[in-house]
>>> print(open('query-v4.txt').read())   # compact mmCIF, C-alpha atoms
# COMPACT_ATOMS: atom_id res chain seq x y z
CA MET H 1 130.65 -94.30 132.88
CA ASP H 2 131.20 -95.62 129.37
CA THR H 3 132.25 -99.19 128.59
CA LYS H 4 135.86 -98.31 127.79
CA THR H 5 136.31 -96.53 131.11
CA ARG H 6 134.81 -99.45 132.98
CA VAL H 7 137.06 -101.89 131.09
CA THR H 8 140.08 -99.79 131.97
CA THR H 9 139.04 -99.78 135.63
CA VAL H 10 138.81 -103.58 135.62
CA ILE H 11 142.23 -103.92 134.01
CA GLN H 12 143.77 -101.59 136.57
CA SER H 13 142.09 -103.45 139.41
CA VAL H 14 143.36 -106.83 138.20
CA THR H 15 146.89 -105.74 137.33
CA GLU H 16 147.28 -103.09 140.04
CA LYS H 17 148.92 -100.99 137.34
CA THR H 18 147.87 -97.82 135.55
CA VAL H 19 146.69 -98.25 131.98
CA THR H 20 148.53 -95.84 129.73
CA GLY H 21 149.06 -95.65 126.00
CA ASP H 22 146.89 -96.15 122.99
CA ASP H 23 143.66 -98.13 123.21
CA GLU H 24 144.96 -100.39 120.47
CA GLU H 25 148.25 -101.12 122.22
CA SER H 26 148.77 -104.73 123.23
CA LEU H 27 148.37 -105.14 126.96
CA PHE H 28 150.72 -108.12 126.75
CA GLU H 29 153.42 -106.27 124.84
CA SER H 30 153.22 -103.31 127.21
CA GLY H 31 153.71 -105.64 130.16
CA LEU H 32 150.38 -104.88 131.80
CA LEU H 33 148.91 -108.34 131.33
CA ASP H 34 150.47 -111.77 131.52
CA SER H 35 149.06 -115.27 131.09
CA PHE H 36 148.17 -115.63 134.74
CA ALA H 37 146.38 -112.26 134.98
CA LEU H 38 144.14 -113.13 132.03
CA PRO H 39 141.78 -115.44 133.95
CA ASP H 40 141.37 -112.77 136.62
CA LEU H 41 140.65 -110.18 133.95
CA VAL H 42 137.93 -112.38 132.47
CA SER H 43 136.38 -112.91 135.90
CA GLY H 44 136.57 -109.18 136.59
CA LEU H 45 134.82 -108.35 133.32
CA GLU H 46 132.07 -110.87 134.01
CA LYS H 47 131.47 -109.35 137.42
CA GLU H 48 131.66 -105.71 136.33
CA PHE H 49 129.35 -106.10 133.34
CA GLY H 50 127.14 -108.91 134.60
CA ILE H 51 127.93 -111.06 131.59
CA ALA H 52 128.95 -114.69 131.18
CA ILE H 53 131.98 -115.20 128.97
CA PRO H 54 131.83 -118.73 127.53
CA ASP H 55 134.94 -120.90 127.40
CA SER H 56 134.73 -120.86 123.60
CA ASP H 57 135.41 -117.11 123.73
CA LEU H 58 138.52 -117.46 125.87
CA ASN H 59 140.82 -116.46 123.05
CA PRO H 60 143.67 -114.21 124.20
CA ARG H 61 143.29 -112.08 121.08
CA LYS H 62 139.88 -110.93 122.25
CA PHE H 63 141.57 -109.50 125.32
CA GLU H 64 144.66 -108.10 123.63
CA SER H 65 143.92 -104.38 124.06
CA VAL H 66 141.50 -101.97 125.70
CA ALA H 67 139.82 -101.45 122.33
CA ARG H 68 139.37 -105.18 121.68
CA ILE H 69 138.10 -105.88 125.16
CA THR H 70 135.63 -103.00 124.91
CA GLU H 71 134.41 -104.25 121.54
CA TYR H 72 134.01 -107.76 122.89
CA VAL H 73 132.21 -106.72 126.07
CA GLU H 74 129.78 -104.54 124.12
CA SER H 75 129.03 -107.51 121.86
CA ARG H 76 128.03 -109.51 124.94
CA MET H 77 125.81 -106.84 126.50
CA MET K 1 133.72 -149.90 143.61
CA ALA K 2 137.30 -149.87 142.31
CA GLY K 3 140.02 -148.64 144.60
CA ILE K 4 143.58 -147.38 144.42
CA ILE K 5 146.05 -150.05 145.50
CA GLY K 6 149.15 -147.87 145.30
CA PHE K 7 151.56 -145.86 143.17
CA GLY K 8 155.05 -146.10 141.74
CA ALA K 9 157.39 -143.64 140.05
CA TYR K 10 160.68 -143.34 138.28
CA LEU K 11 162.78 -140.25 137.69
CA PRO K 12 165.87 -140.39 135.48
CA ALA K 13 169.19 -139.57 137.09
CA ARG K 14 170.29 -136.50 135.21
CA VAL K 15 169.32 -133.25 136.94
CA VAL K 16 169.08 -130.15 134.75
CA THR K 17 169.16 -126.99 136.81
CA ASN K 18 167.71 -123.63 135.84
CA ALA K 19 171.27 -122.33 135.53
CA GLU K 20 172.16 -124.98 132.95
CA LEU K 21 168.97 -124.46 131.01
CA ALA K 22 169.19 -120.68 131.18
CA SER K 23 172.67 -120.82 129.73
CA ARG K 24 171.40 -122.80 126.74
CA LEU K 25 168.28 -120.72 126.18
CA GLY K 26 169.82 -117.33 126.89
CA CYS K 27 167.58 -116.35 129.76
CA ASP K 28 167.78 -115.62 133.48
CA PRO K 29 167.58 -118.60 135.89
CA ASP K 30 165.54 -116.50 138.32
CA TRP K 31 163.03 -115.72 135.56
CA ILE K 32 162.51 -119.46 135.04
CA PHE K 33 161.61 -119.92 138.68
CA GLU K 34 159.35 -116.87 138.81
CA ALA K 35 157.52 -117.91 135.64
CA SER K 36 157.02 -121.53 136.65
CA GLY K 37 158.05 -122.38 140.20
CA ILE K 38 160.55 -124.85 138.71
CA ARG K 39 164.11 -125.05 140.05
CA GLU K 40 165.27 -128.20 138.24
CA ARG K 41 164.00 -131.07 136.12
CA ARG K 42 165.27 -134.47 134.98
CA TYR K 43 166.32 -135.44 131.46
CA ALA K 44 166.36 -139.10 130.46
CA GLU K 45 168.66 -141.26 128.41
CA GLU K 46 166.01 -143.98 128.55
CA SER K 47 163.14 -144.45 126.10
CA VAL K 48 159.53 -143.70 127.07
CA ALA K 49 158.84 -147.43 127.42
CA GLU K 50 161.90 -147.89 129.62
CA LEU K 51 160.82 -145.00 131.85
CA GLY K 52 157.33 -146.43 132.08
CA LEU K 53 158.61 -149.93 132.82
CA ALA K 54 160.78 -148.61 135.66
CA ALA K 55 157.79 -146.83 137.25
CA ALA K 56 155.63 -149.91 136.73
CA ARG K 57 158.21 -152.13 138.40
CA ASP K 58 158.39 -149.73 141.35
CA CYS K 59 154.62 -149.96 141.70
CA VAL K 60 154.19 -153.74 141.37
CA ALA K 61 157.20 -154.43 143.60
CA LYS K 62 155.44 -152.62 146.44
CA HIS K 63 152.04 -154.06 145.56
CA PRO K 64 152.48 -157.60 144.21
CA VAL K 65 148.99 -158.34 142.91
CA GLU K 66 147.75 -160.07 139.80
CA VAL K 67 147.40 -157.57 136.95
CA GLY K 68 144.71 -158.07 134.31
CA MET K 69 145.36 -155.07 132.08
CA VAL K 70 147.97 -152.40 131.41
CA ILE K 71 147.05 -148.88 130.30
CA ALA K 72 149.96 -146.65 129.30
CA ALA K 73 149.64 -142.92 128.61
CA SER K 74 152.26 -140.88 126.82
CA GLY K 75 152.32 -137.85 124.58
CA SER K 76 156.00 -138.17 123.77
CA ALA K 77 156.41 -141.79 122.69
CA GLU K 78 159.14 -142.26 120.09
CA ARG K 79 156.99 -143.80 117.36
CA ARG K 80 153.45 -143.77 116.01
CA PHE K 81 152.99 -147.45 116.79
CA PRO K 82 153.29 -149.61 118.67
CA GLY K 83 153.06 -147.42 121.72
CA PRO K 84 154.81 -148.30 124.97
CA ALA K 85 151.91 -150.21 126.60
CA ALA K 86 152.68 -153.68 125.21
CA THR K 87 156.42 -153.24 125.76
CA ILE K 88 155.80 -152.30 129.40
CA ALA K 89 153.47 -155.26 129.86
CA SER K 90 155.99 -157.60 128.30
CA GLY K 91 158.76 -156.20 130.47
CA LEU K 92 156.69 -157.00 133.53
CA GLY K 93 156.19 -160.56 132.37
CA LEU K 94 152.59 -159.83 131.53
CA GLY K 95 152.65 -161.06 127.95
CA GLY K 96 149.11 -161.97 126.91
CA VAL K 97 147.51 -159.36 129.13
CA PRO K 98 145.69 -156.64 127.18
CA ALA K 99 147.77 -153.48 126.95
CA ILE K 100 146.23 -150.22 125.79
CA ASP K 101 148.01 -147.02 124.78
CA LEU K 102 146.55 -143.62 125.53
CA PRO K 103 148.43 -141.25 123.22
CA MET K 104 147.64 -138.34 125.48
CA ALA K 105 149.81 -135.73 127.15
CA SER K 106 149.10 -134.03 130.45
CA ALA K 107 145.68 -135.49 131.19
CA GLY K 108 146.76 -139.03 130.27
CA GLY K 109 147.42 -140.23 133.82
CA LEU K 110 144.04 -139.01 134.99
CA TYR K 111 142.23 -140.47 131.99
CA GLY K 112 143.97 -143.78 132.62
CA MET K 113 142.91 -143.85 136.26
CA SER K 114 139.33 -142.95 135.40
CA LEU K 115 139.03 -145.54 132.64
CA ALA K 116 140.69 -148.23 134.76
CA SER K 117 138.24 -147.60 137.59
CA ARG K 118 135.43 -148.49 135.20
CA LEU K 119 137.08 -151.61 133.80
CA THR K 120 138.16 -153.51 136.91
CA ASP K 121 134.96 -155.54 137.05
CA VAL K 122 136.01 -157.15 133.77
CA TYR K 123 139.81 -157.18 133.94
CA GLY K 124 140.61 -157.25 137.64
CA ASN K 125 143.53 -155.15 138.82
CA ILE K 126 144.69 -152.66 136.20
CA LEU K 127 148.12 -151.06 136.04
CA VAL K 128 148.04 -147.48 134.77
CA VAL K 129 151.37 -146.09 133.62
CA ALA K 130 152.20 -142.61 132.37
CA ALA K 131 155.66 -141.97 130.96
CA GLU K 132 157.14 -138.97 129.19
CA LYS K 133 160.39 -137.94 127.60
CA MET K 134 159.52 -134.28 127.13
CA SER K 135 163.17 -133.33 126.75
CA SER K 136 162.94 -134.84 123.27
CA ALA K 137 159.99 -132.60 122.43
CA ILE K 138 161.27 -129.17 123.39
CA GLY K 139 162.95 -126.71 121.04
CA ASP K 140 164.56 -123.34 121.54
CA ASP K 141 161.41 -121.45 122.61
CA LYS K 142 162.36 -120.50 126.14
CA ASN K 143 158.76 -120.01 127.26
CA THR K 144 158.09 -123.69 126.60
CA ALA K 145 161.49 -125.31 127.05
CA ILE K 146 161.82 -124.16 130.67
CA LEU K 147 158.73 -126.07 131.73
CA PHE K 148 159.26 -129.69 130.86
CA GLY K 149 161.05 -132.66 132.34
CA ASP K 150 161.13 -136.44 131.95
CA GLY K 151 159.73 -139.10 134.25
CA ALA K 152 157.14 -141.77 134.76
CA GLY K 153 154.44 -142.69 137.23
CA ALA K 154 152.29 -145.75 137.78
CA CYS K 155 149.13 -146.62 139.66
CA LEU K 156 147.49 -149.94 140.44
CA ILE K 157 143.71 -149.83 140.46
CA GLY K 158 141.50 -152.67 141.57
CA ASP K 159 140.78 -154.19 144.93
CA GLY K 160 142.41 -151.33 146.84
CA PRO K 161 141.77 -149.55 150.11
CA CYS K 162 141.23 -146.08 148.65
CA ALA K 163 137.90 -146.07 146.83
CA ILE K 164 137.58 -144.20 143.55
CA VAL K 165 134.25 -142.55 144.26
CA ASP K 166 133.70 -140.79 140.94
CA SER K 167 135.44 -139.10 138.06
CA VAL K 168 134.64 -136.66 135.27
CA LEU K 169 136.40 -136.42 131.91
CA HIS K 170 136.04 -133.74 129.25
CA SER K 171 137.56 -132.64 125.95
CA ASP K 172 137.33 -129.71 123.54
CA GLY K 173 139.05 -130.14 120.20
CA ALA K 174 138.42 -126.51 119.26
CA PHE K 175 141.72 -125.71 120.94
CA ALA K 176 143.72 -128.63 119.52
CA GLU K 177 146.20 -126.34 117.78
CA ASP K 178 147.01 -124.37 120.94
CA LEU K 179 149.08 -127.17 122.47
CA ARG K 180 150.49 -129.76 120.13
CA LEU K 181 153.47 -131.93 119.36
CA GLY K 182 153.64 -132.68 115.66
CA LEU K 183 155.88 -135.08 113.79
CA ASN K 184 159.47 -133.88 113.49
CA GLU K 185 158.82 -130.52 115.11
CA PRO K 186 159.14 -129.22 118.66
CA ILE K 187 156.21 -128.81 120.99
CA TYR K 188 154.07 -125.72 120.37
CA MET K 189 152.13 -124.08 123.15
CA ASN K 190 149.97 -120.96 123.08
CA GLY K 191 150.60 -120.30 126.73
CA ARG K 192 147.98 -117.60 127.11
CA SER K 193 145.25 -119.78 125.69
CA VAL K 194 146.32 -122.80 127.73
CA ILE K 195 146.39 -120.85 130.98
CA MET K 196 143.04 -119.13 130.28
CA GLN K 197 141.35 -122.43 129.61
CA ALA K 198 143.08 -124.44 132.32
CA ALA K 199 142.44 -121.81 134.99
CA ARG K 200 138.73 -122.12 134.36
CA LYS K 201 138.28 -125.75 133.36
CA ILE K 202 140.29 -127.38 136.15
CA PRO K 203 138.32 -125.74 138.99
CA ALA K 204 135.08 -126.38 137.11
CA SER K 205 135.78 -130.11 136.77
CA ILE K 206 136.82 -130.35 140.42
CA ILE K 207 133.62 -128.62 141.50
CA GLU K 208 131.62 -130.87 139.15
CA VAL K 209 132.91 -134.11 140.64
CA LEU K 210 132.64 -132.78 144.19
CA GLU K 211 129.13 -131.37 143.83
CA ARG K 212 127.66 -134.54 142.42
CA ASN K 213 129.01 -136.35 145.45
CA GLY K 214 127.71 -133.82 147.96
CA LYS K 215 131.06 -132.23 148.73
CA ILE K 216 132.75 -128.87 148.47
CA ALA K 217 136.40 -127.98 147.97
CA ALA K 218 136.90 -127.41 151.68
CA ASP K 219 136.03 -131.08 152.29
CA VAL K 220 139.06 -132.24 150.32
CA ASP K 221 142.15 -133.07 152.37
CA VAL K 222 144.60 -133.01 149.49
CA PHE K 223 144.52 -132.11 145.80
CA LEU K 224 146.87 -134.08 143.55
CA MET K 225 146.93 -132.03 140.38
CA HIS K 226 148.92 -132.23 137.17
CA GLN K 227 152.14 -130.37 137.88
CA ALA K 228 151.96 -127.92 134.99
CA ASN K 229 153.11 -124.68 136.56
CA GLN K 230 153.17 -123.58 140.19
CA ASN K 231 151.41 -120.33 139.26
CA LEU K 232 148.56 -122.34 137.74
CA ILE K 233 148.31 -124.57 140.79
CA ASP K 234 148.10 -121.47 143.00
CA LYS K 235 145.45 -119.93 140.77
CA VAL K 236 143.29 -123.06 140.87
CA ALA K 237 143.57 -123.12 144.67
CA LYS K 238 142.55 -119.48 144.84
CA THR K 239 139.58 -120.03 142.57
CA LEU K 240 138.41 -122.93 144.74
CA GLY K 241 138.94 -120.86 147.88
CA VAL K 242 141.34 -123.31 149.51
CA PRO K 243 144.95 -122.79 150.61
CA SER K 244 147.63 -123.63 148.07
CA ALA K 245 149.13 -125.85 150.76
CA LYS K 246 146.30 -128.31 150.12
CA PHE K 247 147.74 -128.86 146.64
CA TYR K 248 150.71 -131.20 146.85
CA SER K 249 153.48 -129.83 144.68
CA ASN K 250 156.81 -131.22 143.52
CA ILE K 251 157.14 -129.14 140.39
CA ALA K 252 160.18 -127.34 141.77
CA HIS K 253 162.15 -130.59 141.50
CA TYR K 254 160.83 -132.26 138.35
CA GLY K 255 159.18 -129.58 136.22
CA ASN K 256 156.18 -130.50 134.12
CA THR K 257 156.43 -134.20 133.27
CA SER K 258 153.15 -134.07 131.37
CA SER K 259 150.97 -137.16 131.85
CA ALA K 260 153.39 -138.61 134.41
CA SER K 261 153.36 -135.65 136.79
CA MET K 262 150.14 -136.37 138.68
CA LEU K 263 151.09 -140.00 139.32
CA ILE K 264 154.60 -139.04 140.43
CA ALA K 265 153.10 -136.49 142.82
CA ALA K 266 150.67 -139.09 144.11
CA LYS K 267 153.48 -141.59 144.70
CA GLU K 268 155.36 -139.00 146.75
CA TRP K 269 152.36 -137.84 148.75
CA TRP K 270 150.65 -141.19 149.27
CA GLN K 271 151.95 -141.79 152.78
CA GLY K 272 150.56 -138.41 153.84
CA SER K 273 147.50 -138.05 156.01
CA GLY K 274 144.11 -137.31 154.54
CA LYS K 275 140.92 -139.16 153.73
CA THR K 276 139.36 -137.24 150.86
CA ILE K 277 141.62 -136.91 147.82
CA CYS K 278 140.92 -135.07 144.59
CA PHE K 279 142.97 -135.63 141.44
CA ALA K 280 142.80 -133.19 138.53
CA ALA K 281 144.54 -132.65 135.21
CA PHE K 282 144.36 -130.57 132.06
CA GLY K 283 146.33 -130.77 128.85
CA ALA K 284 146.60 -130.94 125.09
CA GLY K 285 143.41 -131.70 123.27
CA PHE K 286 142.22 -129.93 125.28
CA GLN K 287 141.44 -132.82 127.60
CA TRP K 288 140.80 -132.46 131.31
CA GLY K 289 138.97 -133.87 134.27
CA ALA K 290 138.94 -134.67 137.96
CA LEU K 291 138.70 -137.78 140.10
CA LEU K 292 137.48 -138.11 143.68
CA ALA K 293 138.90 -140.80 145.94
CA SER K 294 138.25 -141.64 149.57
CA ARG K 295 140.27 -143.64 152.05
CA ALA K 296 138.50 -145.85 154.56
>>> encode(input="query-v4.txt", output="C-alpha cells")
Amino acid sequence: MDTKTRVTTVIQSVTEKTVTGDDEESLFESGLLDSFALPDLVSGLEKEFGIAIPDSDLNPRKFESVARITEYVESRM
Amino acid sequence: MAGIIGFGAYLPARVVTNAELASRLGCDPDWIFEASGIRERRYAEESVAELGLAAARDCVAKHPVEVGMVIAASGSAERRFPGPAATIASGLGLGGVPAIDLPMASAGGLYGMSLASRLTDVYGNILVVAAEKMSSAIGDDKNTAILFGDGAGACLIGDGPCAIVDSVLHSDGAFAEDLRLGLNEPIYMNGRSVIMQAARKIPASIIEVLERNGKIAADVDVFLMHQANQNLIDKVAKTLGVPSAKFYSNIAHYGNTSSASMLIAAKEWWQGSGKTICFAAFGAGFQWGALLASRA
C-alpha cells in the first residue's frame, strides 16, 4: 500500500467518514476534519507509520489535505 | 512544603446566554454548545482589578491569615501598567506588601500557584489572584467570541492542609502569534493550532508531574483544569485514559474565563472528596503546566 492510501485510511479511521474529492482539497473546508479531530489524526499517523511527530511540526497547514499530509509523512520516514 | 489554604471566586452578575450571543453573532445557539460545551457566561461591568479584589476578599474572608505577598494574573487588564496586583493588595489593606503582576492569560492562575509554592519560605502566605474581563477582548469572530466570559478566582498558598507536592511549567514562544491579544484589537486565536498543541501538551505535563512523583493518572482523584472548552477537557481525559467525570467542569455556566477559570473551578470543587488533586492549564504564549497537590 502506498503512503497516500495509508494516509487516507488513517483519516477515514479517525473521522469515520469517507475521503472523497481532490487530494489537494482542504479537509477542513470539506468538513472532514475539525480542530478536535486533528490531535487524533496526528496520533493515528504516528502509529500507522511508526514516526514521531514533534510538537514543533504541529502546524494545521501541514495536515490541511491528503496531499500535504502524504508529503509530510514521507519527509519523516 | 507549601500547602493550599483555600480558594475564593467572584462572578459578575450579568448572565449572557447562548441565545443572546447567537443573536449578536448571527449563529445557532445549539452550535455554540456543541462546539464548546458552554451554555452561558458572565459579562462584567467591573474592572479587572475590581473583579480580582472581589475574589480575593472572598478568599481571605474564609481564610483570615496574614498575607505576605500578592500575585495577580491577568491577560485582559485595562492598561499596560500598573497591573491590577498592587490595586488588589491595596484594596485588601495590604499596602506595603509586595504585589506582582503576571500578564498572562489562561495559564496565569497555574503559574501563580506554582511560583507562590516556591516563595512561601521567604514571604509567608501568598495570595494568588487571577482576574479576567474577556468580554472586553472579543470581537465579531464567532469562533472566538462564543468561548469567553468574565470572572476572577483566588487562592491562598502557605501553611495549608493540602500540600503542593510538585509542579511543572513550560513555554514555547514559537506559537506566540497563534493566540494573542494586541493593543486596540480583538483577541486572535488560531483554534486549530491551539487545540493541536493543547491536546498534546496538557496530558504530557500532567504525566510529567505525576511520573516524577511515582504516580499515574489513575491515582488522581480529581483534575482541576483550565476551563477552555469541554471538548478539550474530554480529549485530555481520553488521552490520559481516565473518565471525563474525574475532570471537574463548570464551563457550561461561565465559559472560558482564561486565567481565572482554574481557580474558580477549584473554589467550587474544593469541598468535594478526594486526596490526590492535579491542576493543569494551557494558554497564550504558549505557556502551560501542571501541579500536583495532596490532602492529608
>>> atom_distance(input="query-v4.txt", atom1="atom CA of K:Ile32", atom2="atom CA of H:Phe36")
14.8 Å
>>> residues_around(input="query-v4.txt", residues="stretch 143-159 of chain K", least_positions_apart="3", cutoff="7 Å", atoms="only C-alpha atoms", output="VMD selection string")
chain K and resid 2 to 12 32 36 41 to 44 51 to 52 55 to 56 59 116 to 117 120 124 to 135 138 to 140 189 254 to 257 260 263 to 264
>>> interface_residues(input="query-v4.txt", of="chain H", to="chain K", cutoff="9 Å", atoms="all atoms listed in the file", output="compact mmCIF listing (two decimals) with C-alpha atoms, keeping the file's coordinate frame")
# COMPACT_ATOMS: atom_id res chain seq x y z
CA ASP H 34 150.47 -111.77 131.52
CA SER H 35 149.06 -115.27 131.09
CA PHE H 36 148.17 -115.63 134.74
CA ALA H 37 146.38 -112.26 134.98
CA LEU H 38 144.14 -113.13 132.03
CA PRO H 39 141.78 -115.44 133.95
CA VAL H 42 137.93 -112.38 132.47
CA ASP H 55 134.94 -120.90 127.40
CA SER H 56 134.73 -120.86 123.60
CA LEU H 58 138.52 -117.46 125.87
CA ASN H 59 140.82 -116.46 123.05
CA PRO H 60 143.67 -114.21 124.20
>>> atom_distance(input="query-v4.txt", atom1="atom CA of K:Ala265", atom2="atom CA of K:Gln230")
13.2 Å
>>> closest_residue(input="query-v4.txt", among="K:Leu183, K:Ala290, K:Cys162, K:Ala176", to="K:Ile206", atoms="all atoms listed in the file")
K:Ala290
>>> atom_distance(input="query-v4.txt", atom1="atom CA of H:Glu48", atom2="atom CA of H:Arg6")
7.8 Å
>>> residues_around(input="query-v4.txt", residues="H:Asp40", least_positions_apart="5", cutoff="9 Å", atoms="all atoms listed in the file", output="ChimeraX atom specification")
/H:14-15,45
>>> residues_around(input="query-v4.txt", residues="K:Leu102", least_positions_apart="3", cutoff="7 Å", atoms="all atoms listed in the file", output="VMD selection string")
chain K and resid 72 to 74 108
>>> write_last_selection(input="query-v4.txt", atoms="C-alpha atoms", output="short mmCIF file (atom, residue, chain, number, x, y, z; two decimals), in the frame of the given file")
data_model
loop_
_atom_site.label_atom_id
_atom_site.label_comp_id
_atom_site.auth_asym_id
_atom_site.auth_seq_id
_atom_site.Cartn_x
_atom_site.Cartn_y
_atom_site.Cartn_z
CA ALA K 72 149.96 -146.65 129.30
CA ALA K 73 149.64 -142.92 128.61
CA SER K 74 152.26 -140.88 126.82
CA GLY K 108 146.76 -139.03 130.27
#
>>> build_atoms(input="query-v4.txt", residues="stretch 34-57 of chain H", atoms="N, CA and C atoms", output="PDB file, in the frame of the given file")
ATOM      1  N   ASP H  34     149.759-110.545 131.851  1.00  0.00           N
ATOM      2  CA  ASP H  34     150.470-111.770 131.520  1.00  0.00           C
ATOM      3  C   ASP H  34     149.466-112.923 131.540  1.00  0.00           C
ATOM      4  N   SER H  35     149.952-114.118 131.224  1.00  0.00           N
ATOM      5  CA  SER H  35     149.060-115.270 131.090  1.00  0.00           C
ATOM      6  C   SER H  35     148.222-115.488 132.352  1.00  0.00           C
ATOM      7  N   PHE H  36     148.858-115.295 133.491  1.00  0.00           N
ATOM      8  CA  PHE H  36     148.170-115.630 134.740  1.00  0.00           C
ATOM      9  C   PHE H  36     147.225-114.530 135.213  1.00  0.00           C
ATOM     10  N   ALA H  37     147.341-113.322 134.661  1.00  0.00           N
ATOM     11  CA  ALA H  37     146.380-112.260 134.980  1.00  0.00           C
ATOM     12  C   ALA H  37     145.143-112.362 134.102  1.00  0.00           C
ATOM     13  N   LEU H  38     145.270-113.037 132.959  1.00  0.00           N
ATOM     14  CA  LEU H  38     144.140-113.130 132.030  1.00  0.00           C
ATOM     15  C   LEU H  38     142.885-113.741 132.653  1.00  0.00           C
ATOM     16  N   PRO H  39     143.002-114.875 133.344  1.00  0.00           N
ATOM     17  CA  PRO H  39     141.780-115.440 133.950  1.00  0.00           C
ATOM     18  C   PRO H  39     141.125-114.488 134.936  1.00  0.00           C
ATOM     19  N   ASP H  40     141.936-113.744 135.677  1.00  0.00           N
ATOM     20  CA  ASP H  40     141.370-112.770 136.620  1.00  0.00           C
ATOM     21  C   ASP H  40     140.685-111.626 135.875  1.00  0.00           C
ATOM     22  N   LEU H  41     141.274-111.228 134.756  1.00  0.00           N
ATOM     23  CA  LEU H  41     140.650-110.180 133.950  1.00  0.00           C
ATOM     24  C   LEU H  41     139.282-110.638 133.451  1.00  0.00           C
ATOM     25  N   VAL H  42     139.212-111.850 132.967  1.00  0.00           N
ATOM     26  CA  VAL H  42     137.930-112.380 132.470  1.00  0.00           C
ATOM     27  C   VAL H  42     136.897-112.405 133.601  1.00  0.00           C
ATOM     28  N   SER H  43     137.299-112.879 134.759  1.00  0.00           N
ATOM     29  CA  SER H  43     136.380-112.910 135.900  1.00  0.00           C
ATOM     30  C   SER H  43     135.941-111.500 136.288  1.00  0.00           C
ATOM     31  N   GLY H  44     136.885-110.566 136.251  1.00  0.00           N
ATOM     32  CA  GLY H  44     136.570-109.180 136.590  1.00  0.00           C
ATOM     33  C   GLY H  44     135.581-108.564 135.615  1.00  0.00           C
ATOM     34  N   LEU H  45     135.748-108.867 134.337  1.00  0.00           N
ATOM     35  CA  LEU H  45     134.820-108.350 133.320  1.00  0.00           C
ATOM     36  C   LEU H  45     133.430-108.943 133.513  1.00  0.00           C
ATOM     37  N   GLU H  46     133.377-110.231 133.801  1.00  0.00           N
ATOM     38  CA  GLU H  46     132.070-110.870 134.010  1.00  0.00           C
ATOM     39  C   GLU H  46     131.333-110.217 135.177  1.00  0.00           C
ATOM     40  N   LYS H  47     132.085-109.938 136.215  1.00  0.00           N
ATOM     41  CA  LYS H  47     131.470-109.350 137.420  1.00  0.00           C
ATOM     42  C   LYS H  47     131.059-107.896 137.159  1.00  0.00           C
ATOM     43  N   GLU H  48     131.935-107.140 136.544  1.00  0.00           N
ATOM     44  CA  GLU H  48     131.660-105.710 136.330  1.00  0.00           C
ATOM     45  C   GLU H  48     130.455-105.507 135.394  1.00  0.00           C
ATOM     46  N   PHE H  49     130.384-106.328 134.348  1.00  0.00           N
ATOM     47  CA  PHE H  49     129.350-106.100 133.340  1.00  0.00           C
ATOM     48  C   PHE H  49     128.166-107.073 133.454  1.00  0.00           C
ATOM     49  N   GLY H  50     128.243-107.973 134.413  1.00  0.00           N
ATOM     50  CA  GLY H  50     127.140-108.910 134.600  1.00  0.00           C
ATOM     51  C   GLY H  50     126.936-109.811 133.398  1.00  0.00           C
ATOM     52  N   ILE H  51     128.030-110.207 132.768  1.00  0.00           N
ATOM     53  CA  ILE H  51     127.930-111.060 131.590  1.00  0.00           C
ATOM     54  C   ILE H  51     128.622-112.395 131.882  1.00  0.00           C
ATOM     55  N   ALA H  52     128.275-113.395 131.088  1.00  0.00           N
ATOM     56  CA  ALA H  52     128.950-114.690 131.180  1.00  0.00           C
ATOM     57  C   ALA H  52     129.797-114.861 129.929  1.00  0.00           C
ATOM     58  N   ILE H  53     131.086-115.007 130.104  1.00  0.00           N
ATOM     59  CA  ILE H  53     131.980-115.200 128.970  1.00  0.00           C
ATOM     60  C   ILE H  53     132.199-116.698 128.805  1.00  0.00           C
ATOM     61  N   PRO H  54     131.707-117.274 127.703  1.00  0.00           N
ATOM     62  CA  PRO H  54     131.830-118.730 127.530  1.00  0.00           C
ATOM     63  C   PRO H  54     133.274-119.149 127.275  1.00  0.00           C
ATOM     64  N   ASP H  55     133.582-120.393 127.610  1.00  0.00           N
ATOM     65  CA  ASP H  55     134.940-120.900 127.400  1.00  0.00           C
ATOM     66  C   ASP H  55     135.363-120.779 125.940  1.00  0.00           C
ATOM     67  N   SER H  56     134.390-120.918 125.029  1.00  0.00           N
ATOM     68  CA  SER H  56     134.730-120.860 123.600  1.00  0.00           C
ATOM     69  C   SER H  56     135.223-119.468 123.192  1.00  0.00           C
ATOM     70  N   ASP H  57     134.944-118.469 124.023  1.00  0.00           N
ATOM     71  CA  ASP H  57     135.410-117.110 123.730  1.00  0.00           C
ATOM     72  C   ASP H  57     136.722-116.776 124.435  1.00  0.00           C
TER      73      ASP H  57
END
